[in-house]
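This is target.pdb. It holds PDB, C-alpha atoms.
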```
ATOM      1  CA  MET A   1      17.087  -3.427   4.204  1.00  0.00           C
ATOM      2  CA  PRO A   2      17.582  -0.991   1.297  1.00  0.00           C
ATOM      3  CA  LYS A   3      14.839   1.047  -0.238  1.00  0.00           C
ATOM      4  CA  VAL A   4      13.097  -0.207  -3.378  1.00  0.00           C
ATOM      5  CA  LYS A   5      12.673   2.194  -6.274  1.00  0.00           C
ATOM      6  CA  THR A   6       9.120   2.860  -7.417  1.00  0.00           C
ATOM      7  CA  HIS A   7       8.416   2.385 -11.124  1.00  0.00           C
ATOM      8  CA  SER A   8       7.628   5.908 -12.341  1.00  0.00           C
ATOM      9  CA  ALA A   9       5.119   4.953 -15.041  1.00  0.00           C
ATOM     10  CA  SER A  10       3.236   2.654 -12.675  1.00  0.00           C
ATOM     11  CA  LYS A  11       2.773   5.241  -9.955  1.00  0.00           C
ATOM     12  CA  LYS A  12       1.029   7.482 -12.495  1.00  0.00           C
ATOM     13  CA  ARG A  13      -1.315   4.768 -13.788  1.00  0.00           C
ATOM     14  CA  PHE A  14      -2.280   2.624 -10.799  1.00  0.00           C
ATOM     15  CA  ARG A  15      -3.727   3.157  -7.325  1.00  0.00           C
ATOM     16  CA  LEU A  16      -4.214   0.656  -4.525  1.00  0.00           C
ATOM     17  CA  THR A  17      -7.600   0.455  -2.817  1.00  0.00           C
ATOM     18  CA  ALA A  18      -8.050  -0.129   0.899  1.00  0.00           C
ATOM     19  CA  SER A  19      -8.837  -3.800   0.265  1.00  0.00           C
ATOM     20  CA  GLY A  20      -5.615  -4.230  -1.731  1.00  0.00           C
ATOM     21  CA  LYS A  21      -7.019  -4.268  -5.257  1.00  0.00           C
ATOM     22  CA  VAL A  22      -5.215  -2.413  -8.046  1.00  0.00           C
ATOM     23  CA  LYS A  23      -7.385   0.302  -9.563  1.00  0.00           C
ATOM     24  CA  MET A  24      -6.643   1.585 -13.071  1.00  0.00           C
ATOM     25  CA  GLY A  25      -8.187   3.390 -16.003  1.00  0.00           C
ATOM     26  CA  HIS A  26      -9.166   1.906 -19.325  1.00  0.00           C
ATOM     27  CA  ALA A  27      -7.021   2.136 -22.435  1.00  0.00           C
ATOM     28  CA  PHE A  28      -8.137   3.542 -25.819  1.00  0.00           C
ATOM     29  CA  ARG A  29      -9.875   6.625 -24.387  1.00  0.00           C
ATOM     30  CA  SER A  30      -7.682   9.448 -25.660  1.00  0.00           C
ATOM     31  CA  HIS A  31      -8.445   9.952 -29.344  1.00  0.00           C
ATOM     32  CA  ARG A  32     -10.306   8.566 -32.379  1.00  0.00           C
ATOM     33  CA  LEU A  33     -13.464   8.168 -30.328  1.00  0.00           C
ATOM     34  CA  VAL A  34     -15.742   8.712 -33.343  1.00  0.00           C
ATOM     35  CA  SER A  35     -14.943   5.274 -34.719  1.00  0.00           C
ATOM     36  CA  LYS A  36     -15.712   3.555 -31.409  1.00  0.00           C
ATOM     37  CA  SER A  37     -19.196   2.483 -30.417  1.00  0.00           C
ATOM     38  CA  LYS A  38     -21.182   4.471 -27.884  1.00  0.00           C
ATOM     39  CA  ARG A  39     -21.150   1.509 -25.509  1.00  0.00           C
ATOM     40  CA  ALA A  40     -17.357   1.274 -25.641  1.00  0.00           C
ATOM     41  CA  ARG A  41     -16.954   5.015 -25.030  1.00  0.00           C
ATOM     42  CA  LYS A  42     -19.366   4.901 -22.099  1.00  0.00           C
ATOM     43  CA  ASN A  43     -17.915   1.802 -20.461  1.00  0.00           C
ATOM     44  CA  HIS A  44     -14.338   3.049 -20.698  1.00  0.00           C
ATOM     45  CA  LYS A  45     -15.107   6.212 -18.721  1.00  0.00           C
ATOM     46  CA  ASN A  46     -15.184   4.233 -15.478  1.00  0.00           C
ATOM     47  CA  ASN A  47     -12.186   2.817 -13.684  1.00  0.00           C
ATOM     48  CA  THR A  48     -11.527  -0.897 -13.542  1.00  0.00           C
ATOM     49  CA  TYR A  49      -9.443  -3.300 -11.483  1.00  0.00           C
ATOM     50  CA  ALA A  50      -6.394  -5.245 -12.625  1.00  0.00           C
ATOM     51  CA  SER A  51      -6.603  -9.018 -12.761  1.00  0.00           C
ATOM     52  CA  THR A  52      -5.123 -10.909  -9.828  1.00  0.00           C
ATOM     53  CA  ALA A  53      -2.313 -12.238 -12.030  1.00  0.00           C
ATOM     54  CA  ASN A  54      -1.251  -8.722 -13.040  1.00  0.00           C
ATOM     55  CA  ALA A  55      -1.937  -7.209  -9.611  1.00  0.00           C
ATOM     56  CA  THR A  56       0.992  -8.986  -7.975  1.00  0.00           C
ATOM     57  CA  ILE A  57       3.398  -7.610 -10.595  1.00  0.00           C
ATOM     58  CA  ILE A  58       1.967  -4.095 -10.295  1.00  0.00           C
ATOM     59  CA  LYS A  59       2.178  -4.167  -6.494  1.00  0.00           C
ATOM     60  CA  SER A  60       5.874  -4.968  -6.714  1.00  0.00           C
ATOM     61  CA  MET A  61       6.360  -1.914  -8.935  1.00  0.00           C
ATOM     62  CA  ILE A  62       4.615   0.432  -6.472  1.00  0.00           C
ATOM     63  CA  PRO A  63       5.840  -0.840  -3.087  1.00  0.00           C
ATOM     64  CA  TYR A  64       5.107   2.284  -1.016  1.00  0.00           C
ATOM     65  CA  LYS A  65       1.652   3.206  -2.345  1.00  0.00           C
TER
END
```
Can I see the file as structure tokens?
Amino acid sequence: MPKVKTHSASKKRFRLTASGKVKMGHAFRSHRLVSKSKRARKNHKNNTYASTANATIIKSMIPYK
């Protein structure tokens, strides 16, 4: 069976956990943080997990991770 190419943008943004979940960072954390609430800035520091619907698509983009 031939090799499957890994999606380059996905391998930089997503990681797989040992249990198979897709771990990712939050969006909207790079600039213009003054206009965002303190709660939003604080909550977006932590990583989050992709939904199960999106996880299957992401896993197909990073087959060897």
Centre, x/y/z edge lengths, axis-aligned box for region 24-36 of chain A with 5 Å per side, as JSON:
```
{"center_x": -11.2, "center_y": 5.8, "center_z": -23.9, "size_x": 19.1, "size_y": 18.4, "size_z": 31.6}
```
**Report entry** Selection near region 2-16 of chain A, 9 Å with all atoms listed in the file, sequence-local residues under 5 positions removed, as number ranges by chain
**Finding:** A: 21-25, 58-65
Next, the residues of the selection above should be written as a PDB file, keeping the file's coordinate frame with C-alpha atoms.
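Saved to out-v1.pdb:
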```pdb
ATOM      1  CA  LYS A  21      -7.019  -4.268  -5.257  1.00  0.00           C
ATOM      2  CA  VAL A  22      -5.215  -2.413  -8.046  1.00  0.00           C
ATOM      3  CA  LYS A  23      -7.385   0.302  -9.563  1.00  0.00           C
ATOM      4  CA  MET A  24      -6.643   1.585 -13.071  1.00  0.00           C
ATOM      5  CA  GLY A  25      -8.187   3.390 -16.003  1.00  0.00           C
ATOM      6  CA  ILE A  58       1.967  -4.095 -10.295  1.00  0.00           C
ATOM      7  CA  LYS A  59       2.178  -4.167  -6.494  1.00  0.00           C
ATOM      8  CA  SER A  60       5.874  -4.968  -6.714  1.00  0.00           C
ATOM      9  CA  MET A  61       6.360  -1.914  -8.935  1.00  0.00           C
ATOM     10  CA  ILE A  62       4.615   0.432  -6.472  1.00  0.00           C
ATOM     11  CA  PRO A  63       5.840  -0.840  -3.087  1.00  0.00           C
ATOM     12  CA  TYR A  64       5.107   2.284  -1.016  1.00  0.00           C
ATOM     13  CA  LYS A  65       1.652   3.206  -2.345  1.00  0.00           C
TER      14      LYS A  65
END
```
Report task. Figure out the distance between CA of Thr48 (chain A) and CA of His31 (chain A), please, to one decimal in Å. Result -> 19.4 Å
Query raised in the report: Which value, in Å to one decimal, gives the distance between CA of Arg41 (chain A) and CA of Phe28 (chain A)?
Result: 9.0 Å
Query raised in the report: Suppose you want the space between CA of Arg32 (chain A) and CA of Asn46 (chain A); what is it in Å?
Result: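 Computing it gives 18.1 Å between the two atoms.
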Requested in this report: Could you give me, as a PyMOL selection string, the residues within 8 Å of His44 (chain A), counting all atoms listed in the file and dropping anything in the same chain fewer than 6 positions from it?
Outcome: chain A and resi 25-27+29
Give me region 11-46 of chain A with N, CA and C atoms filled in, as a tab-separated table (two decimals), keeping the file's coordinate frame.
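What follows is the written file part_19.tsv:
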```tsv
chain	number	residue	atom	x	y	z
A	11	LYS	N	3.36	4.40	-10.99
A	11	LYS	CA	2.77	5.24	-9.96
A	11	LYS	C	1.81	6.27	-10.55
A	12	LYS	N	1.94	6.56	-11.84
A	12	LYS	CA	1.03	7.48	-12.50
A	12	LYS	C	-0.24	6.80	-12.98
A	13	ARG	N	-0.21	5.48	-13.17
A	13	ARG	CA	-1.32	4.77	-13.79
A	13	ARG	C	-2.15	3.93	-12.84
A	14	PHE	N	-1.60	3.56	-11.69
A	14	PHE	CA	-2.28	2.62	-10.80
A	14	PHE	C	-2.41	3.19	-9.40
A	15	ARG	N	-3.51	2.81	-8.73
A	15	ARG	CA	-3.73	3.16	-7.32
A	15	ARG	C	-4.15	1.89	-6.61
A	16	LEU	N	-3.79	1.78	-5.34
A	16	LEU	CA	-4.21	0.66	-4.53
A	16	LEU	C	-5.42	1.06	-3.70
A	17	THR	N	-6.43	0.20	-3.64
A	17	THR	CA	-7.60	0.46	-2.82
A	17	THR	C	-7.32	-0.02	-1.40
A	18	ALA	N	-8.23	0.27	-0.49
A	18	ALA	CA	-8.05	-0.13	0.90
A	18	ALA	C	-8.06	-1.64	1.06
A	19	SER	N	-8.78	-2.34	0.19
A	19	SER	CA	-8.84	-3.80	0.26
A	19	SER	C	-7.67	-4.47	-0.44
A	20	GLY	N	-6.80	-3.67	-1.10
A	20	GLY	CA	-5.62	-4.23	-1.73
A	20	GLY	C	-5.73	-4.48	-3.22
A	21	LYS	N	-6.87	-4.11	-3.81
A	21	LYS	CA	-7.02	-4.27	-5.26
A	21	LYS	C	-6.26	-3.15	-5.98
A	22	VAL	N	-5.92	-3.40	-7.23
A	22	VAL	CA	-5.22	-2.41	-8.05
A	22	VAL	C	-6.23	-1.76	-8.97
A	23	LYS	N	-6.42	-0.46	-8.79
A	23	LYS	CA	-7.38	0.30	-9.56
A	23	LYS	C	-6.66	0.99	-10.71
A	24	MET	N	-7.28	0.99	-11.90
A	24	MET	CA	-6.64	1.58	-13.07
A	24	MET	C	-7.70	2.09	-14.03
A	25	GLY	N	-7.28	2.91	-14.97
A	25	GLY	CA	-8.19	3.39	-16.00
A	25	GLY	C	-8.15	2.50	-17.22
A	26	HIS	N	-9.12	2.69	-18.10
A	26	HIS	CA	-9.17	1.91	-19.32
A	26	HIS	C	-8.25	2.51	-20.38
A	27	ALA	N	-7.80	1.68	-21.29
A	27	ALA	CA	-7.02	2.14	-22.44
A	27	ALA	C	-7.96	2.55	-23.57
A	28	PHE	N	-7.40	3.15	-24.60
A	28	PHE	CA	-8.14	3.54	-25.82
A	28	PHE	C	-9.20	4.60	-25.55
A	29	ARG	N	-8.92	5.58	-24.69
A	29	ARG	CA	-9.88	6.62	-24.39
A	29	ARG	C	-9.40	8.01	-24.81
A	30	SER	N	-8.25	8.12	-25.46
A	30	SER	CA	-7.68	9.45	-25.66
A	30	SER	C	-8.07	10.09	-26.99
A	31	HIS	N	-8.15	9.34	-28.05
A	31	HIS	CA	-8.44	9.95	-29.34
A	31	HIS	C	-9.11	8.92	-30.24
A	32	ARG	N	-9.57	9.39	-31.40
A	32	ARG	CA	-10.31	8.57	-32.38
A	32	ARG	C	-11.54	7.91	-31.76
A	33	LEU	N	-12.29	8.70	-31.00
A	33	LEU	CA	-13.46	8.17	-30.33
A	33	LEU	C	-14.67	8.07	-31.25
A	34	VAL	N	-14.62	8.74	-32.42
A	34	VAL	CA	-15.74	8.71	-33.34
A	34	VAL	C	-15.94	7.31	-33.90
A	35	SER	N	-14.84	6.60	-34.12
A	35	SER	CA	-14.94	5.27	-34.72
A	35	SER	C	-15.31	4.19	-33.71
A	36	LYS	N	-15.36	4.54	-32.43
A	36	LYS	CA	-15.71	3.56	-31.41
A	36	LYS	C	-17.21	3.62	-31.12
A	37	SER	N	-17.76	2.52	-30.69
A	37	SER	CA	-19.20	2.48	-30.42
A	37	SER	C	-19.51	3.29	-29.16
A	38	LYS	N	-20.77	3.69	-29.04
A	38	LYS	CA	-21.18	4.47	-27.88
A	38	LYS	C	-21.02	3.66	-26.60
A	39	ARG	N	-21.29	2.38	-26.69
A	39	ARG	CA	-21.15	1.51	-25.51
A	39	ARG	C	-19.69	1.44	-25.05
A	40	ALA	N	-18.78	1.33	-26.00
A	40	ALA	CA	-17.36	1.27	-25.64
A	40	ALA	C	-16.90	2.58	-25.02
A	41	ARG	N	-17.33	3.71	-25.58
A	41	ARG	CA	-16.95	5.01	-25.03
A	41	ARG	C	-17.50	5.19	-23.62
A	42	LYS	N	-18.74	4.75	-23.40
A	42	LYS	CA	-19.37	4.90	-22.10
A	42	LYS	C	-18.73	4.00	-21.05
A	43	ASN	N	-18.47	2.75	-21.42
A	43	ASN	CA	-17.92	1.80	-20.46
A	43	ASN	C	-16.46	2.12	-20.09
A	44	HIS	N	-15.73	2.76	-20.98
A	44	HIS	CA	-14.34	3.05	-20.70
A	44	HIS	C	-14.14	4.32	-19.90
A	45	LYS	N	-15.22	5.04	-19.59
A	45	LYS	CA	-15.11	6.21	-18.72
A	45	LYS	C	-14.77	5.79	-17.30
A	46	ASN	N	-15.35	4.67	-16.86
A	46	ASN	CA	-15.18	4.23	-15.48
A	46	ASN	C	-13.84	3.55	-15.28
```
